[in-house]
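A.B. asks: Below is the structure I would like to discuss, written out as structure tokens.
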Amino acid sequence: MRQSDFAAALLSGVATAPAGLVDPQGRPAPARFGVYRNNVTASLVRVLQAAFPVVEKLVGAAFFQAMAIEFLRKHPPQTRLMMLYGADFPSFLDSFPPVATLPYLPDVARLEQAIRESYHSADAKPIAPQVLAGLSEEAFLSAKLVLAPSLRLIRSHWPFLSIWAVNRDGGSLGHSKPEDLVILRAEFDPKPLPLSPGAASILTAILGGQPLGLAAQASTDEADLPALLTLLITHNALQDII
């Protein structure tokens, strides 16, 4: 029996053991395989529960477990490293009919996945603030920023950051407006921070490789660029300037 056949059988919904699977005495071993398959499934579900606690809270534990099993059957692990397993979970939720009545749920999952990715991203040495201060206006506007690998930007049509915060920390949802956020990791723990639409547009342009002068034109609010640069510098997210 090939390892690929064994792995496929582990995560399939078929109750029978793969052909050729025997115990040390050469006898078919469906019961042993069933126990092992249940353990693997339960372990992967626990990984997803730990990764997406607010998503689980929003849908309920029993529903989440059933949904997680559907996901892992379609998206088995591709690496031994479980710390980021579930990267495809937000996209899975986009097209999972049972959660269509919760249109913000995929973006809440994107937020939780982005926090994990930010936490495990490489460290970066921040640029000294005086480097920016020493640039001429022409050099400043033509410069491109190199941002820390831990930075994540998420834009949404839903108040997903507020929904996530309320379900994690308590409180009440104060509005129903779309929200954009940036995840910054000043030291060890990533922190999701709200952005104005103007700041999110500028940051999108910066991440796309635009020089600061052109990036600033992505927003009509002249105050957005200085405020955004201050935010990046104070959270050690500005790595270099070109």
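As shown in the structure tokens, the chain order sets the letters A, B, ...; within each chain, residues go from 1, and ligands are also counted from 1 in the order they appear.
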When DSSP works through the backbone of this structure, what residues of region 15-208 of chain A end up as helix (DSSP H, G or I), shown as a ChimeraX atom specification?
C.D. replies: /A:30-51,53-59,61-74,89-94,97-99,105-120,129-133,137-142,160-169,197-207
A.B. asks: Find the nearest atom pair between each residue of region 80-137 of chain A and region 212-235 of chain A for residues within 12 Å, count only C-alpha atoms, give distances in Å to one decimal, sort rows by chain and ascending number, and present the table as CSV.
C.D. replies:
residue,atom,partner,partner_atom,distance
A:Ala124,CA,A:His235,CA,11.7
A:Lys125,CA,A:Ile233,CA,11.4
A:Pro126,CA,A:Ile233,CA,7.8
A:Ile127,CA,A:Ile233,CA,8.0
A:Ala128,CA,A:Ile233,CA,8.6
A:Pro129,CA,A:Ile233,CA,7.0
A:Gln130,CA,A:Ile233,CA,10.7
A:Val131,CA,A:Ile233,CA,11.3
A:Leu132,CA,A:Leu229,CA,9.8
A:Ala133,CA,A:Leu229,CA,11.7
A:Glu137,CA,A:Gly213,CA,9.7
A.B. asks: If you keep C-alpha atoms, can you produce a file of those selected residues as an mmCIF file, in the first residue's frame?
C.D. replies:
data_model
loop_
_atom_site.group_PDB
_atom_site.id
_atom_site.type_symbol
_atom_site.label_atom_id
_atom_site.label_comp_id
_atom_site.auth_asym_id
_atom_site.auth_seq_id
_atom_site.Cartn_x
_atom_site.Cartn_y
_atom_site.Cartn_z
ATOM 1 C CA ALA A 124 13.112 42.566 11.241
ATOM 2 C CA LYS A 125 15.303 45.363 12.535
ATOM 3 C CA PRO A 126 13.401 48.665 12.368
ATOM 4 C CA ILE A 127 14.872 51.677 10.635
ATOM 5 C CA ALA A 128 16.086 54.564 12.775
ATOM 6 C CA PRO A 129 13.503 57.410 12.738
ATOM 7 C CA GLN A 130 16.186 59.995 12.003
ATOM 8 C CA VAL A 131 16.791 58.403 8.593
ATOM 9 C CA LEU A 132 13.412 59.682 7.440
ATOM 10 C CA ALA A 133 13.973 63.031 9.090
ATOM 11 C CA GLU A 137 11.237 66.509 0.301
#
A.B. asks: Looking only at the backbone, which of the residues in region 30-205 of chain A does DSSP tag as strand (DSSP E or B), as a count of residues only?
C.D. replies: 17
A.B. asks: Tell me which protein, DNA and RNA residues are within 12 Å of region 52-65 of chain A, counting only C-alpha atoms, leaving out same-chain ones fewer than 5 positions away, and put them as a ChimeraX atom specification.
C.D. replies: /A:41-47,70-72,84-87,89-90,93,98-116,160-170
A.B. asks: Using only C-alpha atoms, which of the listed residues (A:Gln210, A:Ser118, A:Phe188, A:Leu48) sits closest to Ile69 (chain A)?
C.D. replies: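 Among the listed residues, the smallest separation from Ile69 (chain A) belongs to A:Leu48.
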A.B. asks: CA of Ala148 (chain A) and CA of Ala199 (chain A) are how many Å apart?
C.D. replies: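 These two atoms are separated by 17.2 Å.
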A.B. asks: With only C-alpha atoms as the atoms that count, which of A:Asp180, A:Asp88, A:Asp240, A:Glu117 lies nearest to Pro194 (chain A)?
C.D. replies: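 Nearest to Pro194 (chain A): A:Asp180.
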A.B. asks: Report the distance between CA of Leu81 (chain A) and CA of Ser121 (chain A) in Å, rounded to one decimal place.
C.D. replies: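 Going from CA of Leu81 (chain A) over to CA of Ser121 (chain A), I get 13.9 Å.
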A.B. asks: What separation in Å, quoted to one decimal, exists between CA of Ala68 (chain A) and CA of Leu181 (chain A)?
C.D. replies: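 Calculated distance between CA of Ala68 (chain A) and CA of Leu181 (chain A) is 26.2 Å.
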A.B. asks: Have a look at A:Leu207, A:Ser196, A:Pro190, A:Asn236 and name the one nearest to Pro178 (chain A); count only C-alpha atoms.
C.D. replies: A:Ser196
A.B. asks: When you count only C-alpha atoms, which of these residues is closest to Ser156 (chain A): A:Gly174, A:Pro192, A:Gly134, A:Pro197?
C.D. replies: A:Pro197
